[in-house]
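To keep things clear, I will list the structure first and then write my remarks on it.
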Amino acid sequence: MTSPKLSTPKPAYVTLPTFVGYSASKGPSRSSFVRRQRRLYEDPARAAFNYYRRAANAVRAGRAARQDEVAMRALVNNADERTRPHYAAIAEGWLRYLGRRDPKLVEVGRAKFALGELEIGISPQLGLRKSNGRKYATWLYFKEEPLTRDAAQLALWLLTEGMPDLLPGGEALVVDVRRAKEFTLSARDRERLRPWAASEASAFVTLWRAA
């Protein structure tokens, strides 16, 4: 008699912002964080409207037309009372970050990266080419809480790992938009981060299965 086949557990799947947010959380809050993400994964209709997507679209449109101030002004003026303070901070930070910079938009793709039993979706909002010709797959961080260096480096590491699909020959760039602060990753940091990223993924999967 043939033994029944055991079903293989479906791999956990999260996006880069979710994994970075999990890594930045501490203690028991990690468990509730993962539980919420699993509920959203199993029932996508529960997801809240992501108003940072509107900010990313405005940043992209402003760069494409080289009308950044116009795009940021429209973002703020068309916001409701709840989102306007956030959009105003984002607009001010993005314009301050650009300053005299004039990076050109380049096409950037998407990637999926398996880190142990965790699959991570990587979707940078921008591809940028700076004046020195170097190209960057760029993830924009919009939240009110400052982005920590560790969290930025985890995002950079994931972008770098997915680079063959995102922007061949490119580099990773993270911008904390409200603080007008950019982060990059050295080759030394890349190797140092590998075991830590794997351990974070393993811990995430453990909590995911218990959720």
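Identifiers for the structure tokens are assigned positionally: chains receive A, B, ... in sequence, residues are indexed from 1 per chain, and ligands are indexed from 1 in the order shown.
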
Subject >> Which of segment 59-138 of chain A fall in strand (DSSP E or B), as an MDAnalysis selection string >> reply: chainID A and resid 104:105 111:115 118:122 126:129 135:138

**OP:** Excluding segment 40-43 of chain A and residues on its chain fewer than 6 positions from it, collect all residues at most 10 Å away from it, counting only C-alpha atoms, and give them as a PyMOL selection string.
**Re:** chain A and resi 12-14+34

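Among the candidate residues A:Leu167, A:Leu118, A:Leu140, A:Leu158, the one lying nearest to Arg209 of chain A is A:Leu118, with distances computed using only C-alpha atoms.
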
Enumerate, in order of chain and increasing residue number, the residues of segment 48-130 of chain A with an atom no farther than 6 Å from segment 170-189 of chain A, each with its shortest atom pair and distance in Å to one decimal, counting only C-alpha atoms, as a tab-separated table.
residue	atom	partner	partner_atom	distance
A:Ala89	CA	A:Arg178	CA	5.8
A:Ile90	CA	A:Arg178	CA	5.0
A:Gly93	CA	A:Arg178	CA	4.3
A:Trp94	CA	A:Val177	CA	5.4
A:Tyr97	CA	A:Ala180	CA	4.4

Would you kindly return, as an mmCIF file with all heavy atoms, in the first residue's frame, each protein, DNA or RNA residue with an atom no farther than 9 Å from any atom of Ala56 of chain A, considering only C-alpha atoms and excluding same-chain residues fewer than 5 positions away?
data_model
loop_
_atom_site.group_PDB
_atom_site.id
_atom_site.type_symbol
_atom_site.label_atom_id
_atom_site.label_comp_id
_atom_site.auth_asym_id
_atom_site.auth_seq_id
_atom_site.Cartn_x
_atom_site.Cartn_y
_atom_site.Cartn_z
ATOM 1 N N ALA A 61 7.014 60.583 -10.940
ATOM 2 C CA ALA A 61 6.490 61.492 -11.963
ATOM 3 C C ALA A 61 7.293 62.792 -11.998
ATOM 4 O O ALA A 61 7.588 63.334 -13.084
ATOM 5 C CB ALA A 61 5.019 61.791 -11.693
ATOM 6 N N GLN A 125 11.301 51.311 -5.818
ATOM 7 C CA GLN A 125 10.401 52.259 -6.478
ATOM 8 C C GLN A 125 11.051 52.966 -7.658
ATOM 9 O O GLN A 125 10.352 53.441 -8.553
ATOM 10 C CB GLN A 125 9.910 53.310 -5.481
ATOM 11 C CG GLN A 125 9.100 52.773 -4.311
ATOM 12 C CD GLN A 125 9.968 52.570 -3.076
ATOM 13 O OE1 GLN A 125 11.154 52.270 -3.174
ATOM 14 N NE2 GLN A 125 9.378 52.746 -1.905
ATOM 15 N N LEU A 126 12.387 53.055 -7.643
ATOM 16 C CA LEU A 126 13.071 53.847 -8.673
ATOM 17 C C LEU A 126 14.333 53.148 -9.158
ATOM 18 O O LEU A 126 15.001 52.458 -8.394
ATOM 19 C CB LEU A 126 13.505 55.216 -8.114
ATOM 20 C CG LEU A 126 12.455 56.227 -7.676
ATOM 21 C CD1 LEU A 126 13.149 57.410 -7.023
ATOM 22 C CD2 LEU A 126 11.616 56.681 -8.850
ATOM 23 N N LEU A 140 12.851 53.638 -1.514
ATOM 24 C CA LEU A 140 12.527 54.850 -0.770
ATOM 25 C C LEU A 140 11.798 54.483 0.518
ATOM 26 O O LEU A 140 10.784 53.776 0.495
ATOM 27 C CB LEU A 140 11.638 55.770 -1.617
ATOM 28 C CG LEU A 140 12.200 56.181 -2.984
ATOM 29 C CD1 LEU A 140 11.162 56.999 -3.749
ATOM 30 C CD2 LEU A 140 13.497 56.950 -2.841
ATOM 31 N N PHE A 142 9.637 55.936 3.538
ATOM 32 C CA PHE A 142 8.804 57.115 3.747
ATOM 33 C C PHE A 142 8.298 57.290 5.172
ATOM 34 O O PHE A 142 7.692 58.320 5.477
ATOM 35 C CB PHE A 142 7.572 57.045 2.830
ATOM 36 C CG PHE A 142 7.870 57.167 1.368
ATOM 37 C CD1 PHE A 142 7.665 56.098 0.508
ATOM 38 C CD2 PHE A 142 8.336 58.360 0.833
ATOM 39 C CE1 PHE A 142 7.914 56.212 -0.844
ATOM 40 C CE2 PHE A 142 8.597 58.490 -0.517
ATOM 41 C CZ PHE A 142 8.380 57.408 -1.364
#
